[in-house]
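Pasting my_file34.cif here (mmCIF, C-alpha atoms):
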data_work
loop_
_atom_site.label_atom_id
_atom_site.label_comp_id
_atom_site.auth_asym_id
_atom_site.auth_seq_id
_atom_site.Cartn_x
_atom_site.Cartn_y
_atom_site.Cartn_z
CA MET A 287 63.52 -37.35 86.34
CA LYS A 288 62.55 -34.55 83.97
CA ILE A 289 61.77 -34.80 80.30
CA LYS A 290 64.44 -33.14 78.19
CA GLU A 291 63.44 -30.31 75.86
CA SER A 292 64.95 -32.25 72.97
CA SER A 293 62.64 -35.17 73.78
CA LEU A 294 59.64 -32.87 73.85
CA SER A 295 60.38 -31.52 70.40
CA SER A 296 60.96 -35.05 69.17
CA PHE A 297 57.36 -35.91 70.02
CA GLU A 298 56.15 -33.32 67.52
CA ILE A 299 57.44 -35.31 64.61
CA ILE A 300 55.53 -38.43 65.63
CA GLU A 301 52.68 -38.39 63.20
CA ASP A 302 49.24 -39.23 64.65
CA LEU A 303 50.35 -38.62 68.26
CA LEU A 304 48.19 -35.97 69.91
CA SER A 305 49.02 -35.97 73.58
CA ILE A 306 51.11 -37.58 76.33
CA VAL A 307 50.08 -37.31 79.98
CA LEU A 308 51.93 -38.64 83.00
CA PHE A 309 49.57 -39.73 85.76
CA GLY A 310 49.50 -42.00 88.80
CA SER A 311 52.11 -42.13 91.55
CA LYS A 312 54.90 -40.65 89.44
CA ALA A 313 52.78 -37.59 88.68
CA ARG A 314 51.82 -37.27 92.36
CA GLU A 315 55.46 -37.78 93.33
CA ASP A 316 54.47 -40.42 95.85
CA GLU A 317 55.87 -43.41 93.99
CA ASP A 318 57.51 -46.26 95.88
CA ASP A 319 59.61 -49.27 94.93
CA PHE A 320 56.52 -51.03 93.60
CA SER A 321 55.16 -48.24 91.43
CA ASP A 322 55.17 -48.25 87.68
CA VAL A 323 55.01 -45.16 85.49
CA ASP A 324 51.53 -44.53 84.12
CA ILE A 325 51.42 -42.86 80.74
CA PHE A 326 48.32 -41.81 78.85
CA LEU A 327 48.56 -41.48 75.08
CA LEU A 328 46.01 -39.86 72.82
CA VAL A 329 46.30 -40.63 69.11
CA GLU A 330 44.32 -40.04 65.96
CA ASP A 331 41.93 -42.77 64.82
CA ILE A 332 44.61 -45.00 63.37
CA PRO A 333 44.99 -48.74 62.76
CA GLN A 334 46.46 -51.15 65.31
CA ASP A 335 49.80 -51.50 63.54
CA ARG A 336 50.38 -47.77 63.74
CA ILE A 337 49.35 -47.77 67.41
CA SER A 338 51.98 -50.41 68.16
CA GLU A 339 54.62 -48.37 66.33
CA ILE A 340 53.81 -45.26 68.35
CA ILE A 341 53.94 -47.15 71.64
CA ASP A 342 57.37 -48.51 70.76
CA ILE A 343 58.66 -45.04 69.85
CA ILE A 344 57.27 -43.46 73.02
CA LYS A 345 58.83 -46.12 75.23
CA THR A 346 62.26 -45.36 73.81
CA ARG A 347 61.89 -41.60 74.21
CA LEU A 348 60.60 -41.37 77.76
CA PRO A 349 63.20 -41.56 80.53
CA TYR A 350 61.33 -44.16 82.56
CA ASN A 351 61.39 -47.90 83.09
CA ASN A 352 58.28 -49.95 83.84
CA ILE A 353 55.99 -47.82 81.73
CA GLY A 354 52.31 -48.78 81.71
CA ILE A 355 50.48 -47.27 78.79
CA SER A 356 46.80 -46.41 78.50
CA LEU A 357 46.12 -45.44 74.91
CA TYR A 358 42.97 -44.00 73.43
CA THR A 359 42.10 -43.01 69.91
CA LEU A 360 40.51 -39.60 69.43
CA SER A 361 36.98 -40.88 68.79
CA SER A 362 36.99 -43.16 71.85
CA TYR A 363 38.49 -40.35 73.95
CA LYS A 364 35.70 -37.99 72.91
CA GLN A 365 33.22 -40.65 73.96
CA LEU A 366 34.87 -40.80 77.40
CA LEU A 367 34.69 -36.99 77.67
CA ARG A 368 30.96 -37.11 76.94
CA GLU A 369 30.48 -39.90 79.50
CA GLY A 370 32.43 -37.99 82.17
CA SER A 371 34.73 -40.98 82.63
CA ILE A 372 36.32 -41.14 86.08
CA PHE A 373 39.56 -42.10 84.35
CA ILE A 374 39.60 -38.83 82.43
CA TRP A 375 38.79 -36.97 85.65
CA HIS A 376 41.77 -38.75 87.17
CA LEU A 377 43.94 -37.44 84.33
CA LYS A 378 42.54 -33.94 84.68
CA LEU A 379 42.97 -33.73 88.44
CA GLU A 380 46.43 -35.17 88.85
CA GLY A 381 47.90 -35.68 85.39
CA LEU A 382 50.92 -33.81 84.11
CA ILE A 383 50.73 -33.02 80.43
CA ILE A 384 54.08 -33.92 78.93
CA TYR A 385 53.15 -33.14 75.38
CA ASN A 386 50.15 -31.70 73.56
CA LYS A 387 50.43 -31.50 69.80
CA THR A 388 47.82 -28.93 69.03
CA ASN A 389 47.68 -27.12 72.35
CA MET A 390 44.08 -28.20 72.49
CA ASP A 391 42.26 -28.16 75.80
CA LEU A 392 42.47 -31.86 76.56
CA PHE A 393 39.62 -31.72 79.04
CA ASN A 394 37.29 -29.35 77.24
CA LYS A 395 33.68 -30.52 77.52
CA LEU A 396 34.51 -33.18 80.11
CA ALA A 397 31.10 -34.06 81.53
CA PRO A 398 30.61 -34.49 85.28
CA PHE A 399 31.14 -38.02 86.53
CA ASN A 400 27.80 -39.38 87.65
CA LYS A 401 28.05 -43.16 87.46
CA PHE A 402 28.46 -43.61 91.18
CA ASN A 403 25.65 -46.14 91.57
CA GLU A 404 26.64 -48.01 88.44
CA ASN A 405 30.23 -48.33 89.61
CA TYR A 406 29.16 -49.27 93.13
CA LEU A 407 26.96 -52.05 91.76
CA LEU A 408 29.85 -53.34 89.65
CA TYR A 409 32.14 -53.54 92.69
CA LYS A 410 29.40 -55.20 94.70
CA LYS A 411 28.93 -57.81 91.97
CA LEU A 412 32.67 -58.38 91.75
CA PHE A 413 32.77 -58.85 95.51
CA ILE A 414 29.99 -61.44 95.38
CA ASN A 415 31.82 -63.25 92.57
CA THR A 416 35.06 -63.21 94.56
CA LYS A 417 33.35 -64.65 97.64
CA SER A 418 31.87 -67.40 95.50
CA SER A 419 35.26 -68.16 94.04
CA LEU A 420 36.86 -68.35 97.48
CA GLN A 421 34.19 -70.81 98.54
CA GLU A 422 34.63 -72.88 95.38
CA ASN A 423 38.39 -72.66 94.83
CA GLY A 424 39.71 -72.01 98.32
CA ILE A 425 41.92 -69.10 99.29
CA ASN A 426 44.05 -68.17 96.32
CA GLU A 427 46.29 -65.39 95.03
CA TYR A 428 43.89 -64.12 92.37
CA ASP A 429 41.00 -63.53 94.74
CA LEU A 430 43.12 -61.91 97.44
CA SER A 431 44.54 -59.60 94.80
CA HIS A 432 41.08 -58.91 93.47
CA LEU A 433 39.77 -58.01 96.92
CA PHE A 434 42.34 -55.24 97.10
CA PHE A 435 41.31 -53.98 93.68
CA LEU A 436 37.72 -53.74 94.96
CA CYS A 437 38.64 -52.03 98.22
CA ARG A 438 40.85 -49.48 96.53
CA ASN A 439 38.26 -48.65 93.89
CA ILE A 440 35.33 -48.36 96.26
CA CYS A 441 37.38 -46.03 98.48
CA LEU A 442 38.37 -44.00 95.40
CA LEU A 443 34.77 -43.79 94.25
CA THR A 444 33.57 -42.68 97.68
CA CYS A 445 36.28 -40.04 98.05
CA PHE A 446 35.23 -38.73 94.66
CA LYS A 447 31.61 -38.60 95.79
CA LEU A 448 32.67 -36.62 98.84
CA LYS A 449 34.43 -34.14 96.56
CA ASN A 450 37.84 -35.09 97.87
CA PRO A 451 39.20 -37.00 94.89
CA THR A 452 42.42 -38.88 95.36
CA PHE A 453 43.78 -41.85 93.45
CA GLY A 454 46.81 -43.30 95.22
CA ARG A 455 47.00 -46.90 96.41
CA MET A 456 47.15 -45.82 100.06
CA SER A 457 45.77 -42.28 99.81
CA VAL A 458 42.25 -43.41 98.87
CA TYR A 459 42.00 -45.44 102.08
CA GLU A 460 43.67 -42.80 104.27
CA LYS A 461 41.55 -39.98 102.86
CA LEU A 462 38.34 -41.90 103.41
CA VAL A 463 39.30 -42.72 106.98
CA GLU A 464 40.10 -39.05 107.51
CA MET A 465 36.67 -37.98 106.25
CA VAL A 466 34.60 -40.75 107.79
CA GLY A 467 36.58 -41.22 110.98
CA PHE A 468 36.24 -44.98 110.89
CA LEU A 469 36.32 -47.84 108.39
CA PRO A 470 35.52 -51.45 109.19
CA LEU A 471 38.46 -52.77 107.17
CA SER A 472 41.58 -52.10 109.23
CA GLN A 473 44.60 -50.43 107.69
CA GLU A 474 46.59 -53.54 108.54
CA ASN A 475 44.29 -55.74 106.47
CA TYR A 476 44.08 -53.16 103.67
CA ILE A 477 47.89 -53.22 103.44
CA PHE A 478 47.87 -57.02 103.72
CA LEU A 479 45.59 -57.23 100.66
CA SER A 480 47.64 -54.60 98.82
CA LYS A 481 50.69 -56.82 99.17
CA TRP A 482 48.83 -59.73 97.59
CA ARG A 483 47.87 -57.36 94.77
CA LEU A 484 51.46 -56.27 94.28
CA ASN A 485 52.67 -59.86 94.33
CA PHE A 486 50.06 -60.87 91.77
CA THR A 487 50.36 -57.95 89.37
CA ARG A 488 54.03 -57.06 89.74
CA ALA A 489 55.70 -60.13 91.25
CA SER A 490 56.81 -57.98 94.17
CA CYS A 491 57.95 -61.01 96.17
CA PHE A 492 56.45 -60.14 99.56
CA LYS A 493 56.70 -63.21 101.73
CA LEU A 494 53.07 -63.76 102.63
CA ASP A 495 51.15 -66.53 104.31
CA PHE A 496 47.62 -67.20 103.23
CA PRO A 497 45.17 -65.87 105.82
CA THR A 498 43.64 -68.38 108.17
CA GLU A 499 39.99 -69.18 107.56
CA SER A 500 38.90 -66.97 110.45
CA LYS A 501 41.04 -64.06 109.23
CA MET A 502 39.64 -64.51 105.73
CA LEU A 503 36.09 -64.43 107.05
CA LYS A 504 36.86 -61.32 109.08
CA ILE A 505 38.28 -59.59 106.00
CA LEU A 506 35.27 -60.58 103.88
CA ASN A 507 32.84 -59.34 106.50
CA ASP A 508 34.79 -56.10 106.90
CA ILE A 509 34.78 -55.52 103.15
CA GLU A 510 31.05 -56.14 103.07
CA ASP A 511 30.64 -53.50 105.76
CA LEU A 512 32.95 -51.16 103.88
CA LEU A 513 30.74 -51.57 100.83
CA SER A 514 27.66 -50.81 102.93
CA ILE A 515 29.21 -47.63 104.31
CA CYS A 516 30.27 -46.50 100.86
CA LYS A 517 26.81 -47.27 99.49
CA GLU A 518 25.31 -45.13 102.24
CA ILE A 519 27.63 -42.25 101.40
CA ILE A 520 27.04 -42.60 97.66
CA GLU A 521 23.27 -42.59 98.13
CA ASN A 522 23.10 -39.87 100.77
CA GLY A 523 26.08 -37.75 99.83
CA VAL A 524 27.22 -35.28 102.44
CA LYS A 525 24.57 -36.41 104.90
CA PHE A 526 26.70 -39.41 105.71
CA ASN A 527 27.98 -37.99 109.02
CA GLU A 528 24.90 -38.95 110.95
CA LYS A 529 24.50 -42.26 109.19
CA ILE A 530 28.10 -43.20 109.75
CA LYS A 531 27.58 -43.37 113.49
CA GLU A 532 25.34 -46.32 112.90
CA PHE A 533 28.31 -48.21 111.50
CA GLU A 534 30.63 -47.61 114.39
CA ASP A 535 29.44 -50.77 116.02
CA VAL A 536 29.36 -52.64 112.77
CA PRO A 537 29.94 -56.18 113.99
CA LYS A 538 26.82 -56.03 116.18
CA LYS A 539 24.60 -54.02 113.88
CA PHE A 540 25.04 -55.92 110.69
CA LYS A 541 23.09 -59.09 110.29
CA ARG A 542 24.87 -61.38 107.89
CA LYS A 543 22.56 -62.68 105.25
CA GLN A 544 24.73 -65.74 104.84
CA SER A 545 27.71 -67.27 106.46
CA TYR A 546 30.78 -68.11 104.46
CA SER A 547 32.97 -71.09 104.64
CA ILE A 548 36.20 -71.36 102.77
CA MET B 134 31.14 -69.73 77.23
CA PHE B 135 33.59 -66.83 77.32
CA LEU B 136 35.14 -67.94 74.05
CA LYS B 137 31.75 -68.30 72.38
CA ASN B 138 30.73 -64.81 73.51
CA LEU B 139 34.07 -63.36 72.53
CA LYS B 140 33.70 -64.72 69.02
CA GLU B 141 30.35 -63.00 68.74
CA ASN B 142 31.44 -59.65 70.10
CA LYS B 143 34.88 -58.38 70.98
CA VAL B 144 33.44 -55.72 73.22
CA ILE B 145 33.03 -58.24 76.04
CA VAL B 146 36.77 -57.88 76.57
CA PHE B 147 35.90 -54.47 78.01
CA ASN B 148 33.23 -55.85 80.37
CA TYR B 149 35.14 -55.93 83.64
CA GLU B 150 32.86 -58.44 85.35
CA ILE B 151 33.19 -60.93 82.50
CA ILE B 152 36.88 -60.42 81.90
CA SER B 153 37.81 -60.73 85.58
CA SER B 154 35.96 -64.01 85.75
CA PHE B 155 37.89 -65.24 82.74
CA GLU B 156 41.21 -64.01 84.17
CA ARG B 157 40.48 -65.92 87.36
CA ASP B 158 39.74 -69.13 85.46
CA LEU B 159 42.87 -68.72 83.39
CA PHE B 160 45.09 -68.22 86.41
CA LEU B 161 43.54 -70.95 88.53
CA THR B 162 43.72 -73.53 85.75
CA ILE B 163 47.41 -72.98 84.94
CA GLN B 164 48.29 -72.72 88.62
CA GLY B 165 46.36 -75.94 89.23
CA VAL B 166 48.39 -77.77 86.57
CA LEU B 167 51.73 -76.53 87.93
CA ASN B 168 50.72 -77.25 91.49
CA ASP B 169 49.59 -80.75 90.54
CA ARG B 170 52.63 -81.65 88.42
CA TYR B 171 55.44 -79.65 90.01
CA ASN B 172 54.11 -78.68 93.43
CA TYR B 173 54.59 -75.03 92.48
CA ARG B 174 52.41 -72.00 93.05
CA LEU B 175 52.76 -69.50 90.23
CA GLU B 176 51.30 -66.57 92.25
CA GLY B 177 50.62 -64.46 89.15
CA LEU B 178 50.85 -64.39 85.38
CA THR B 179 53.42 -61.71 84.66
CA TYR B 180 56.66 -62.26 82.78
CA PHE B 181 58.49 -62.43 86.13
CA HIS B 182 56.18 -65.10 87.55
CA ILE B 183 56.74 -67.28 84.50
CA ALA B 184 60.49 -66.63 84.54
CA ASN B 185 60.72 -67.48 88.25
CA PHE B 186 59.01 -70.81 87.64
CA LYS B 187 61.25 -71.71 84.69
CA GLU B 188 64.34 -70.71 86.64
CA LYS B 189 63.33 -72.97 89.51
CA ILE B 190 62.69 -75.86 87.14
CA ASN B 191 66.10 -75.39 85.51
CA ARG B 192 67.85 -75.02 88.83
CA GLU B 193 66.42 -78.32 90.01
CA ASN B 194 67.15 -80.04 86.70
CA ILE B 195 63.53 -80.93 86.20
CA VAL B 196 62.40 -81.52 82.64
CA LEU B 197 59.39 -79.37 81.90
CA ASP B 198 56.72 -81.25 79.97
CA LYS B 199 56.43 -79.80 76.46
CA ASP B 200 52.65 -79.42 76.58
CA ILE B 201 52.73 -77.83 80.02
CA LYS B 202 55.38 -75.38 78.83
CA SER B 203 53.13 -74.49 75.89
CA LEU B 204 50.16 -74.14 78.24
CA LEU B 205 52.15 -71.83 80.49
CA ASP B 206 53.43 -69.68 77.63
CA THR B 207 49.97 -69.49 76.11
CA SER B 208 48.42 -68.42 79.41
CA PHE B 209 51.00 -65.64 79.59
CA GLU B 210 50.23 -64.47 76.05
CA ILE B 211 46.48 -64.48 76.69
CA ASN B 212 46.92 -62.58 79.93
CA SER B 213 49.19 -60.03 78.25
CA ILE B 214 46.67 -59.26 75.53
CA ILE B 215 43.87 -58.94 78.06
CA ASN B 216 45.85 -56.72 80.41
CA LYS B 217 46.92 -54.45 77.60
CA ARG B 218 43.48 -54.41 76.03
CA ASN B 219 43.31 -50.64 75.89
CA THR B 220 46.34 -50.67 73.66
CA SER B 221 46.13 -54.11 72.10
CA ILE B 222 42.52 -54.43 71.06
CA GLY B 223 41.15 -50.93 70.82
CA TYR B 224 37.85 -49.72 72.12
CA GLY B 225 35.02 -50.72 69.83
CA GLY B 226 31.49 -49.42 69.99
CA ALA B 227 28.96 -51.18 72.15
CA LYS B 228 27.69 -53.11 69.16
CA SER B 229 31.03 -53.64 67.55
CA THR B 230 31.55 -57.07 66.03
CA SER B 231 34.61 -56.08 64.10
CA LEU B 232 36.85 -58.96 63.14
CA ASP B 233 39.56 -56.90 61.55
CA ASN B 234 41.86 -56.68 64.51
CA LYS B 235 44.87 -58.95 64.59
CA ASN B 236 45.09 -59.09 68.37
CA TYR B 237 41.42 -59.93 68.65
CA THR B 238 41.84 -62.83 66.23
CA LEU B 239 45.03 -63.87 68.00
CA LEU B 240 43.26 -63.84 71.37
CA ILE B 241 40.58 -66.20 70.10
CA GLU B 242 43.18 -68.54 68.57
CA LEU B 243 45.22 -68.56 71.77
CA ILE B 244 42.22 -69.35 73.95
CA GLU B 245 41.23 -72.20 71.62
CA TYR B 246 44.78 -73.53 71.75
CA TYR B 247 44.89 -73.19 75.54
CA ILE B 248 41.67 -75.16 75.94
CA SER B 249 42.87 -77.92 73.59
CA LEU B 250 46.19 -78.20 75.47
CA TYR B 251 44.46 -78.22 78.83
CA GLU B 252 42.18 -81.03 77.73
CA LYS B 253 45.14 -82.94 76.31
CA ILE B 254 47.09 -82.65 79.55
CA GLY B 255 43.99 -83.89 81.34
CA VAL B 256 44.54 -82.71 84.90
#

Structure translated into structure tokens:
Amino acid sequence: MKIKESSLSSFEIIEDLLSIVLFGSKAREDEDDFSDVDIFLLVEDIPQDRISEIIDIIKTRLPYNNIGISLYTLSSYKQLLREGSIFIWHLKLEGLIIYNKTNMDLFNKLAPFNKFNENYLLYKKLFINTKSSLQENGINEYDLSHLFFLCRNICLLTCFKLKNPTFGRMSVYEKLVEMVGFLPLSQENYIFLSKWRLNFTRASCFKLDFPTESKMLKILNDIEDLLSICKEIIENGVKFNEKIKEFEDVPKKFKRKQSYSI
Amino acid sequence: MFLKNLKENKVIVFNYEIISSFERDLFLTIQGVLNDRYNYRLEGLTYFHIANFKEKINRENIVLDKDIKSLLDTSFEINSIINKRNTSIGYGGAKSTSLDNKNYTLLIELIEYYISLYEKIGV
């Protein structure tokens, strides 16, 4: 669905609105029944009440349902440009600018993204927390959903490191497999976790059974190996090809530091 | 602990490790109550998850306990504010302790209310 010219001109009269960017699956044109429409809004440094007003106006003027809005004020956006935020890179690489009030270069002075290690460590910590929760609380919807979030983001981060950025739910996994040739987490289990994510975040109503304890342990071990491979790539960059061979027999090569029970 | 830290600095809402831990606790506590009292798994905290539960309760002519209904609605409100934090709270500086944001104040009040209700229900 295209934006009408009349709608575009109507954005101009919205005071304090600087830019609208469509991103995510709709921008890539690979949306499915479970996709929402991701919209980025850039506004002047304005108070919360005004922000809420603008969001309401935008929602009525865009021809989409299920809009998810990421809104930044100008000063916080400039901070993200200086930091080389991966989110802003995401916008730059696949976003479609719907409206730009001042015709400014939205991505001028966008610094290179270099927080690979920092992001990796965050995902590693989140994984450890999720394992602890599974041990403490048993298998549950939140943690299964969260595992998918981790897998998707670590694949995204690694693709970015390998200079093949992609951001789609499935494309990050497929692209990484294509480049690496092998990933310990099977596509079947990646999709299985993605369904738990969709059920949790969008009430997608997939009929799912909780994994058995042995399947859960297999998934956790595979994700741990996935993290190790991604760490290797992030630390050694393009030299991963030789290293990756070491992971091809992952189950035998990796010594588990601890065993998990759910 | 999360509430205490939140009162001191709203920026922790943007710390993914901390906020995901809180989200987990929020979901597991409300799901635990519904599972215990109504043998129901909520499976998420979106509008649709809440609506599905209420529809099932109505369909089966079960009277929903007033405090549990409030707990459920409050969990939804808290989750909504957290999930929309980029639009609902605004991005403060690393040392921001601003108290002038309505949603930030509302979030604190809702969490306090949620805790008091949870303790009252006494699961």

- Task: Take the PyMOL selection byres ((chain B and resi 204) around 9), apply it to the structure above, and return the hits as a VMD selection string.
- Result: chain B and resid 163 199 to 203 205 to 209 246 to 248 250 to 251

Write to file, as a PDB file, keeping the file's coordinate frame, the residues of the selection just made, with C-alpha atoms.
ATOM      1  CA  ILE B 163      47.410 -72.980  84.940  1.00  0.00           C
ATOM      2  CA  LYS B 199      56.430 -79.800  76.460  1.00  0.00           C
ATOM      3  CA  ASP B 200      52.650 -79.420  76.580  1.00  0.00           C
ATOM      4  CA  ILE B 201      52.730 -77.830  80.020  1.00  0.00           C
ATOM      5  CA  LYS B 202      55.380 -75.380  78.830  1.00  0.00           C
ATOM      6  CA  SER B 203      53.130 -74.490  75.890  1.00  0.00           C
ATOM      7  CA  LEU B 205      52.150 -71.830  80.490  1.00  0.00           C
ATOM      8  CA  ASP B 206      53.430 -69.680  77.630  1.00  0.00           C
ATOM      9  CA  THR B 207      49.970 -69.490  76.110  1.00  0.00           C
ATOM     10  CA  SER B 208      48.420 -68.420  79.410  1.00  0.00           C
ATOM     11  CA  PHE B 209      51.000 -65.640  79.590  1.00  0.00           C
ATOM     12  CA  TYR B 246      44.780 -73.530  71.750  1.00  0.00           C
ATOM     13  CA  TYR B 247      44.890 -73.190  75.540  1.00  0.00           C
ATOM     14  CA  ILE B 248      41.670 -75.160  75.940  1.00  0.00           C
ATOM     15  CA  LEU B 250      46.190 -78.200  75.470  1.00  0.00           C
ATOM     16  CA  TYR B 251      44.460 -78.220  78.830  1.00  0.00           C
TER      17      TYR B 251
END

Given only C-alpha atoms, how would the per-residue table for chain A near chain B read, listing every residue at most 6 Å away with its closest atom pair and distance in Å to one decimal, sorted by chain and number, as a tab-separated table?
residue	atom	partner	partner_atom	distance
A:Leu357	CA	B:Thr220	CA	5.4
A:Glu427	CA	B:Glu176	CA	5.8
A:Phe486	CA	B:Gly177	CA	4.5

- Hey, what comes out of the PyMOL selection byres ((chain A and resi 506) around 10) on this file? Could you write it as a PyMOL selection string? chain A and resi 413+416-417+433+471+500-505+507-512+546

- Message: Show me the residues around (42.0, -49.0, 104.0) - criterion: an atom at most 6 Å away, all atoms listed in the file counted - as a list in words.
- Response: Tyr459, Gln473 and Tyr476 of chain A

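This file, filtered with the PyMOL selection byres ((chain A and resi 380) around 7), gives the residues A:Phe309, A:Ala313, A:Arg314, A:His376, A:Leu377, A:Lys378, A:Leu379, A:Gly381, A:Leu382.
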
Quick one: write out the picked residues with C-alpha atoms as an mmCIF file, keeping the file's coordinate frame?
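Contents of again_17.cif, as written:
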data_model
loop_
_atom_site.group_PDB
_atom_site.id
_atom_site.type_symbol
_atom_site.label_atom_id
_atom_site.label_comp_id
_atom_site.auth_asym_id
_atom_site.auth_seq_id
_atom_site.Cartn_x
_atom_site.Cartn_y
_atom_site.Cartn_z
ATOM 1 C CA PHE A 309 49.570 -39.730 85.760
ATOM 2 C CA ALA A 313 52.780 -37.590 88.680
ATOM 3 C CA ARG A 314 51.820 -37.270 92.360
ATOM 4 C CA HIS A 376 41.770 -38.750 87.170
ATOM 5 C CA LEU A 377 43.940 -37.440 84.330
ATOM 6 C CA LYS A 378 42.540 -33.940 84.680
ATOM 7 C CA LEU A 379 42.970 -33.730 88.440
ATOM 8 C CA GLY A 381 47.900 -35.680 85.390
ATOM 9 C CA LEU A 382 50.920 -33.810 84.110
#

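Shown here are all protein and nucleic acid residues lying within 6 Å of (37.4, -32.0, 83.6), with only C-alpha atoms considered: Trp375, Lys378, Phe393 and Leu396 of chain A.
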
- Work out how far CA of Lys517 in chain A is from CA of Leu407 in chain A, in Å to one decimal. 9.1 Å

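The residue that comes closest to Glu252 in chain B, out of B:Thr162, B:Ala184, B:Ile195, B:Asn172 and on the basis of only C-alpha atoms, is B:Thr162.
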
- Item | Contacts of Asn403 in chain A within 9 Å, only C-alpha atoms, excl. fewer than 2 positions in-chain, as JSON, numbers by chain | {"A": [400, 401, 405, 406, 407, 408, 517, 520, 521]}

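Between CA of Phe496 in chain A and CA of Lys411 in chain A the interatomic distance comes to 23.8 Å.
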
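Separating CA of Cys445 in chain A from CA of Leu366 in chain A is a distance of 20.7 Å.
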
Find the smallest box with edges along x, y and z containing every listed atom of range 436-446 of chain A, then add 5 Å on each side and report centre and edge lengths in Å to one decimal, as lines of an AutoDock Vina configuration file.
center_x = 37.2
center_y = -46.2
center_z = 96.2
size_x = 17.3
size_y = 25.0
size_z = 14.6
